[in-house]
$ cat query-v6.cif   # mmCIF, C-alpha atoms
data_run
#
loop_
_atom_site.label_atom_id
_atom_site.label_comp_id
_atom_site.auth_asym_id
_atom_site.auth_seq_id
_atom_site.Cartn_x
_atom_site.Cartn_y
_atom_site.Cartn_z
CA MET R 827 -32.40 -1.07 13.32
CA GLY R 828 -31.78 -0.01 16.91
CA VAL R 829 -28.52 1.19 18.35
CA THR R 830 -26.18 -1.76 18.92
CA GLN R 831 -23.06 0.04 20.13
CA TYR R 832 -22.69 0.83 23.80
CA PHE R 833 -19.67 2.23 25.64
CA VAL R 834 -19.26 0.53 29.04
CA THR R 835 -18.27 3.30 31.45
CA ALA R 836 -15.79 3.12 34.31
CA GLU R 837 -18.62 3.41 36.84
CA GLU R 838 -20.44 0.43 35.38
CA SER R 839 -17.18 -1.49 35.23
CA LEU R 840 -16.46 -0.95 38.92
CA LYS R 841 -19.91 -2.17 39.93
CA THR R 842 -19.51 -5.29 37.81
CA LEU R 843 -15.98 -5.99 39.05
CA ALA R 844 -17.25 -6.78 42.51
CA ALA R 845 -18.84 -9.94 41.18
CA TRP R 846 -16.82 -11.13 38.18
CA ARG R 847 -13.38 -9.58 38.40
CA LEU R 848 -10.79 -11.30 36.19
CA ARG R 849 -13.13 -12.46 33.43
CA PHE R 850 -14.56 -8.97 33.17
CA VAL R 851 -11.27 -7.02 33.09
CA LEU R 852 -9.82 -9.32 30.45
CA MET R 853 -12.79 -8.53 28.19
CA ARG R 854 -13.24 -4.87 29.10
CA TRP R 855 -9.60 -3.70 28.97
CA LEU R 856 -7.76 -6.30 26.89
CA GLY R 857 -10.62 -7.17 24.57
CA LEU R 858 -10.43 -10.95 24.95
CA ARG R 859 -13.19 -12.68 23.05
CA CYS R 860 -15.79 -14.65 24.94
CA ALA R 861 -15.62 -17.54 25.32
CA SER R 862 -12.87 -18.87 23.02
CA GLU R 863 -9.94 -16.67 24.07
CA LEU R 864 -10.85 -16.73 27.75
CA ASN R 865 -11.07 -20.52 27.75
CA ALA R 866 -7.72 -20.90 25.94
CA LEU R 867 -5.70 -18.62 28.25
CA ARG R 868 -2.95 -20.48 30.15
CA TRP R 869 -0.62 -19.34 32.90
CA GLN R 870 2.31 -20.06 30.63
CA ASP R 871 0.94 -17.32 28.35
CA VAL R 872 1.54 -14.68 31.02
CA ASN R 873 4.97 -13.07 30.85
CA TRP R 874 5.24 -11.38 34.24
CA GLU R 875 8.74 -10.05 33.60
CA LYS R 876 7.88 -8.19 30.40
CA GLY R 877 4.30 -7.37 31.38
CA ILE R 878 2.84 -9.12 28.32
CA ILE R 879 0.01 -11.61 27.95
CA TYR R 880 -0.01 -13.88 24.89
CA VAL R 881 -3.54 -14.40 23.59
CA GLN R 882 -4.42 -17.30 21.34
CA ASP R 883 -6.32 -15.47 18.61
CA ILE R 884 -8.45 -18.44 17.62
CA LYS R 885 -10.73 -16.41 15.36
CA ARG R 886 -7.82 -15.62 13.05
CA GLY R 887 -6.59 -19.19 12.85
CA HIS R 888 -6.97 -20.71 9.40
CA ASN R 889 -7.50 -24.28 8.25
CA GLY R 890 -5.93 -26.10 11.17
CA GLU R 891 -2.74 -24.01 11.08
CA ASP R 892 -1.15 -22.74 14.27
CA LYS R 893 -3.44 -20.21 15.84
CA ALA R 894 -2.47 -16.58 15.55
CA ILE R 895 -1.10 -14.99 18.68
CA ARG R 896 -1.32 -11.36 19.76
CA ASP R 897 0.62 -9.94 22.66
CA PRO R 898 -1.00 -6.97 24.43
CA ALA R 899 0.56 -5.39 27.48
CA ILE R 900 -0.94 -6.31 30.83
CA LEU R 901 -2.67 -3.01 31.57
CA PRO R 902 -2.89 -1.58 35.12
CA GLU R 903 -6.65 -2.26 35.13
CA VAL R 904 -5.91 -5.98 34.67
CA LEU R 905 -2.67 -6.61 36.57
CA PRO R 906 -3.93 -6.73 40.21
CA PHE R 907 -6.75 -9.14 39.34
CA LEU R 908 -4.42 -11.37 37.33
CA GLN R 909 -1.88 -11.43 40.16
CA LYS R 910 -4.52 -12.29 42.73
CA ALA R 911 -5.88 -15.12 40.57
CA PHE R 912 -2.34 -16.48 40.17
CA GLU R 913 -1.75 -16.42 43.92
CA GLN R 914 -5.02 -18.26 44.56
CA ALA R 915 -4.65 -20.80 41.74
CA PRO R 916 -4.06 -24.43 42.84
CA GLU R 917 -0.51 -25.71 42.40
CA GLY R 918 0.07 -26.98 38.85
CA SER R 919 -2.93 -25.17 37.34
CA GLU R 920 -2.71 -24.89 33.56
CA PHE R 921 -5.59 -22.61 32.61
CA VAL R 922 -6.11 -19.13 34.01
CA LEU R 923 -9.90 -19.51 34.09
CA PRO R 924 -12.19 -22.54 34.38
CA ARG R 925 -13.67 -23.29 30.99
CA MET R 926 -17.19 -22.06 30.45
CA ALA R 927 -19.60 -22.24 27.48
CA HIS R 928 -20.69 -19.00 25.82
CA LYS R 929 -24.32 -19.48 26.86
CA ASN R 930 -23.24 -19.80 30.48
CA TYR R 931 -21.14 -16.67 30.25
CA ARG R 932 -24.21 -14.77 29.11
CA LYS R 933 -26.46 -16.28 31.76
CA PHE R 934 -24.11 -15.49 34.64
CA PHE R 935 -23.24 -12.05 33.31
CA LEU R 936 -26.91 -11.04 33.07
CA LYS R 937 -27.39 -12.09 36.70
CA ILE R 938 -24.38 -10.03 37.75
CA LEU R 939 -25.63 -6.93 35.93
CA LYS R 940 -29.04 -7.29 37.51
CA HIS R 941 -27.52 -7.61 40.97
CA ALA R 942 -25.40 -4.49 40.31
CA GLY R 943 -28.45 -2.51 39.18
CA ILE R 944 -27.16 -2.08 35.62
CA THR R 945 -29.43 -2.35 32.59
CA PRO R 946 -27.90 -4.88 30.15
CA TRP R 947 -26.53 -3.19 27.05
CA PRO R 948 -26.88 -4.63 23.53
CA LYS R 949 -24.28 -7.14 22.32
CA LEU R 950 -22.99 -7.76 25.82
CA PHE R 951 -19.51 -9.10 25.09
CA ASN R 952 -18.86 -7.42 21.75
CA ASN R 953 -19.36 -4.01 23.33
CA LEU R 954 -16.91 -4.84 26.11
CA ARG R 955 -14.31 -5.43 23.41
CA ALA R 956 -15.37 -2.29 21.51
CA SER R 957 -15.08 -0.24 24.71
CA ALA R 958 -11.57 -1.58 25.30
CA ILE R 959 -10.49 -0.61 21.78
CA THR R 960 -12.09 2.84 22.03
CA ASP R 961 -10.28 3.48 25.32
CA ALA R 962 -6.93 2.27 24.02
CA LEU R 963 -7.10 4.59 21.01
CA GLU R 964 -7.11 7.56 23.41
CA TRP R 965 -3.46 6.97 24.31
CA LEU R 966 -2.02 4.46 21.85
CA PRO R 967 -1.25 4.79 18.12
CA SER R 968 -3.77 3.08 15.88
CA HIS R 969 -1.34 0.46 14.56
CA VAL R 970 -0.48 -0.64 18.11
CA VAL R 971 -4.16 -1.00 19.03
CA ASN R 972 -4.79 -3.06 15.89
CA GLU R 973 -1.87 -5.34 16.72
CA TRP R 974 -2.81 -5.82 20.37
CA PHE R 975 -6.50 -6.45 19.71
CA GLY R 976 -6.13 -8.43 16.50
CA ASN R 977 -8.05 -6.26 14.05
CA SER R 978 -7.35 -4.63 10.73
CA GLU R 979 -7.78 -0.87 10.50
CA GLY R 980 -10.95 -1.26 8.42
CA ILE R 981 -12.59 -3.73 10.80
CA SER R 982 -11.67 -1.57 13.79
CA ILE R 983 -13.28 1.51 12.25
CA GLU R 984 -16.41 -0.28 11.03
CA PHE R 985 -17.24 -2.41 14.05
CA TYR R 986 -15.42 -1.27 17.19
CA ARG R 987 -14.49 2.38 17.46
CA MET R 988 -17.06 4.60 19.14
CA VAL R 989 -17.64 8.28 19.82
CA THR R 990 -18.23 8.75 23.55
CA GLU R 991 -19.51 11.56 25.74
CA ASP R 992 -15.95 12.20 26.89
CA HIS R 993 -14.97 13.08 23.33
CA TYR R 994 -17.52 15.93 23.34
CA VAL R 995 -16.38 17.13 26.77
CA LYS R 996 -12.75 17.21 25.65
CA ALA R 997 -13.64 18.95 22.40
CA VAL R 998 -15.50 21.89 23.98
CA SER R 999 -13.16 22.31 26.95
CA ARG R 1000 -9.79 22.19 25.21
CA VAL R 1001 -7.73 25.36 24.84
CA SER R 1002 -7.52 26.49 21.24
CA GLN R 1003 -4.12 27.79 20.18
CA ILE R 1004 -5.69 29.91 17.43
CA VAL R 1005 -8.11 31.61 19.83
CA THR R 1006 -5.30 32.22 22.31
CA GLN R 1007 -3.08 33.80 19.65
CA GLN R 1008 -5.94 35.95 18.39
CA ALA R 1009 -6.71 37.22 21.89
CA THR R 1010 -3.04 38.00 22.42
CA ALA R 1011 -2.86 39.91 19.14
CA GLU R 1012 -5.95 41.96 20.00
CA SER R 1013 -4.50 42.84 23.39
CA GLY R 1014 -1.47 44.36 21.70
CA GLY R 1015 1.19 41.80 22.50
CA THR R 1016 1.95 38.76 24.51
CA GLU R 1017 0.27 38.25 27.84
CA GLN R 1018 3.62 38.47 29.51
CA ASN R 1019 4.44 41.84 27.99
CA SER R 1020 0.99 43.23 28.65
CA GLU R 1021 1.46 42.73 32.37
CA LEU R 1022 4.74 44.64 32.55
CA PRO R 1023 4.80 48.18 34.01
CA ILE R 1024 4.95 50.96 31.49
CA THR R 1025 8.50 51.81 32.52
CA GLN R 1026 9.70 48.32 31.54
CA LYS R 1027 8.19 48.23 28.09
CA THR R 1028 10.52 50.83 26.55
CA GLN R 1029 14.21 50.24 26.74
CA HIS R 1030 15.67 53.27 24.96
CA GLY R 1031 15.18 57.02 24.87
CA PRO R 1032 15.44 59.93 27.30
CA GLN R 1033 13.15 60.00 30.28
CA ASN R 1034 11.81 62.54 32.71
CA THR R 1035 10.56 61.85 36.20
CA ASP R 1036 7.96 64.23 37.61
CA HIS R 1037 7.09 64.86 41.23
CA THR R 1038 4.49 62.05 41.26
CA GLY R 1039 7.16 59.42 40.87
CA PHE R 1040 5.92 58.20 37.48
CA THR R 1041 8.39 58.03 34.62
CA GLU R 1042 7.43 59.83 31.45
CA TRP R 1043 9.14 59.13 28.18
CA ALA R 1044 9.97 62.12 26.00
CA MET R 1045 8.18 62.13 22.68
CA ARG R 1046 10.39 61.53 19.70
CA ASP R 1047 9.79 62.21 16.06
CA SER R 1048 8.85 58.98 14.38
CA ASN R 1049 10.93 60.01 11.36
CA PRO R 1050 13.91 61.90 12.76
CA ARG R 1051 15.95 64.00 10.36
CA LEU R 1052 19.62 63.43 9.87
CA PRO R 1053 21.85 66.26 11.12
CA ARG R 1054 23.07 68.66 8.48
CA CYS R 1055 26.58 68.16 7.27
CA LYS R 1056 29.06 70.69 8.40
CA ARG R 1057 29.95 73.29 5.85
CA GLY R 1058 32.65 72.06 3.55
CA ALA R 1059 32.35 68.40 4.61
CA LEU R 1060 31.05 67.29 1.23
CA ALA R 1061 33.81 69.12 -0.50
CA ASN R 1062 36.34 66.94 1.22
#
$ encode --input "query-v6.cif" --output "structure tokens"
Amino acid sequence: MGVTQYFVTAEESLKTLAAWRLRFVLMRWLGLRCASELNALRWQDVNWEKGIIYVQDIKRGHNGEDKAIRDPAILPEVLPFLQKAFEQAPEGSEFVLPRMAHKNYRKFFLKILKHAGITPWPKLFNNLRASAITDALEWLPSHVVNEWFGNSEGISIEFYRMVTEDHYVKAVSRVSQIVTQQATAESGGTEQNSELPITQKTQHGPQNTDHTGFTEWAMRDSNPRLPRCKRGALAN
């Protein structure tokens, strides 16, 4: 079986945005499913004041019951495109996007990728959602990501989370606290102390200054002897 996971990079996203905008950012950064969740999105589901968008999670609806709803934040990658669409929407519009069948989404998206010079990746829409989840896990706790994207922890791990090139870059370039402490220990102290002049490292003890201007510290016995008691002191 060939590789089916593909992380959609920021560069590829920017090229695609020029042609598809709102549909794309909703899938790539908020993980909306194509086409059900995109078709169901209404303007009344957008809470501008709180910065939340309420997504009808149709996949998790059961047996005709009320559909599950998840409420991700409107991320900065999405907000300007959502605002622009709202400003341009005809008065009284109910749905955020014109309804479109899944097969048409795929057909138009393939044309857009071709025009942008991008080779189509496997599982076109699923990997947009997986990329959104992988990105979100870089700065959000796992339980928040699961809530916002409508997955269990097990499903998220098995089907969506990916290891990207950025993970390797961060791993090899990060500063290791252990290595830093080891280097400090081998240098004989903290970096701050190691940079101090010799005269500032010792705080006590007699000193002599020679004609060169350098301060020399008198050598002291590491195990100094106590002074002898005066004669007769013990007798008292």
$ residues_around --input "query-v6.cif" --residues "Phe912 in chain R" --least-positions-apart "2" --cutoff "12 Å" --atoms "only C-alpha atoms" --output "list in words"
Leu848, Arg868, Trp869, Gln870, Val872, Trp874, Leu905, Pro906, Phe907, Leu908, Gln909, Lys910, Gln914, Ala915, Pro916, Glu917, Gly918, Ser919, Glu920, Phe921, Val922 and Leu923 of chain R
$ closest_residue --input "query-v6.cif" --among "R:Tyr994, R:Tyr880, R:Phe934, R:Trp855" --to "Thr835 in chain R" --atoms "all atoms listed in the file"
R:Trp855
$ closest_residue --input "query-v6.cif" --among "R:Ile900, R:Glu913, R:Tyr832, R:Met926" --to "Arg849 in chain R" --atoms "only C-alpha atoms"
R:Met926
$ atom_distance --input "query-v6.cif" --atom1 "CA of Glu837 in chain R" --atom2 "CA of Trp965 in chain R"
20.0 Å
$ residues_around --input "query-v6.cif" --residues "Pro948 in chain R" --least-positions-apart "5" --cutoff "9 Å" --atoms "only C-alpha atoms" --output "list in words"
Val829, Thr830, Gln831, Tyr832 and Asn953 of chain R
$ atom_distance --input "query-v6.cif" --atom1 "CA of Pro898 in chain R" --atom2 "CA of Val881 in chain R"
7.9 Å
$ atom_distance --input "query-v6.cif" --atom1 "CA of Glu991 in chain R" --atom2 "CA of Glu838 in chain R"
14.8 Å
$ resolve_selection --input "query-v6.cif" --expression "the PyMOL selection byres ((chain R and resi 860-864) around 12)" --output "ChimeraX atom specification"
/R:848-854,856-859,865-869,871,879-887,893-896,921-932,935,949-955,975-976
$ write_last_selection --input "query-v6.cif" --atoms "C-alpha atoms" --output "mmCIF file, in the frame of the given file"
data_model
loop_
_atom_site.group_PDB
_atom_site.id
_atom_site.type_symbol
_atom_site.label_atom_id
_atom_site.label_comp_id
_atom_site.auth_asym_id
_atom_site.auth_seq_id
_atom_site.Cartn_x
_atom_site.Cartn_y
_atom_site.Cartn_z
ATOM 1 C CA LEU R 848 -10.790 -11.300 36.190
ATOM 2 C CA ARG R 849 -13.130 -12.460 33.430
ATOM 3 C CA PHE R 850 -14.560 -8.970 33.170
ATOM 4 C CA VAL R 851 -11.270 -7.020 33.090
ATOM 5 C CA LEU R 852 -9.820 -9.320 30.450
ATOM 6 C CA MET R 853 -12.790 -8.530 28.190
ATOM 7 C CA ARG R 854 -13.240 -4.870 29.100
ATOM 8 C CA LEU R 856 -7.760 -6.300 26.890
ATOM 9 C CA GLY R 857 -10.620 -7.170 24.570
ATOM 10 C CA LEU R 858 -10.430 -10.950 24.950
ATOM 11 C CA ARG R 859 -13.190 -12.680 23.050
ATOM 12 C CA ASN R 865 -11.070 -20.520 27.750
ATOM 13 C CA ALA R 866 -7.720 -20.900 25.940
ATOM 14 C CA LEU R 867 -5.700 -18.620 28.250
ATOM 15 C CA ARG R 868 -2.950 -20.480 30.150
ATOM 16 C CA TRP R 869 -0.620 -19.340 32.900
ATOM 17 C CA ASP R 871 0.940 -17.320 28.350
ATOM 18 C CA ILE R 879 0.010 -11.610 27.950
ATOM 19 C CA TYR R 880 -0.010 -13.880 24.890
ATOM 20 C CA VAL R 881 -3.540 -14.400 23.590
ATOM 21 C CA GLN R 882 -4.420 -17.300 21.340
ATOM 22 C CA ASP R 883 -6.320 -15.470 18.610
ATOM 23 C CA ILE R 884 -8.450 -18.440 17.620
ATOM 24 C CA LYS R 885 -10.730 -16.410 15.360
ATOM 25 C CA ARG R 886 -7.820 -15.620 13.050
ATOM 26 C CA GLY R 887 -6.590 -19.190 12.850
ATOM 27 C CA LYS R 893 -3.440 -20.210 15.840
ATOM 28 C CA ALA R 894 -2.470 -16.580 15.550
ATOM 29 C CA ILE R 895 -1.100 -14.990 18.680
ATOM 30 C CA ARG R 896 -1.320 -11.360 19.760
ATOM 31 C CA PHE R 921 -5.590 -22.610 32.610
ATOM 32 C CA VAL R 922 -6.110 -19.130 34.010
ATOM 33 C CA LEU R 923 -9.900 -19.510 34.090
ATOM 34 C CA PRO R 924 -12.190 -22.540 34.380
ATOM 35 C CA ARG R 925 -13.670 -23.290 30.990
ATOM 36 C CA MET R 926 -17.190 -22.060 30.450
ATOM 37 C CA ALA R 927 -19.600 -22.240 27.480
ATOM 38 C CA HIS R 928 -20.690 -19.000 25.820
ATOM 39 C CA LYS R 929 -24.320 -19.480 26.860
ATOM 40 C CA ASN R 930 -23.240 -19.800 30.480
ATOM 41 C CA TYR R 931 -21.140 -16.670 30.250
ATOM 42 C CA ARG R 932 -24.210 -14.770 29.110
ATOM 43 C CA PHE R 935 -23.240 -12.050 33.310
ATOM 44 C CA LYS R 949 -24.280 -7.140 22.320
ATOM 45 C CA LEU R 950 -22.990 -7.760 25.820
ATOM 46 C CA PHE R 951 -19.510 -9.100 25.090
ATOM 47 C CA ASN R 952 -18.860 -7.420 21.750
ATOM 48 C CA ASN R 953 -19.360 -4.010 23.330
ATOM 49 C CA LEU R 954 -16.910 -4.840 26.110
ATOM 50 C CA ARG R 955 -14.310 -5.430 23.410
ATOM 51 C CA PHE R 975 -6.500 -6.450 19.710
ATOM 52 C CA GLY R 976 -6.130 -8.430 16.500
#
$ closest_residue --input "query-v6.cif" --among "R:Ser957, R:Gln1007, R:Asn873, R:Thr945" --to "Val834 in chain R" --atoms "only C-alpha atoms"
R:Ser957
$ axis_aligned_box --input "query-v6.cif" --around "range 929-947 of chain R" --padding-each-side "5 Å" --output "lines of an AutoDock Vina configuration file"
center_x = -25.3
center_y = -10.9
center_z = 33.9
size_x = 18.3
size_y = 27.7
size_z = 24.1
$ closest_residue --input "query-v6.cif" --among "R:Thr1006, R:His941, R:Trp947, R:Ile959" --to "Val989 in chain R" --atoms "only C-alpha atoms"
R:Ile959
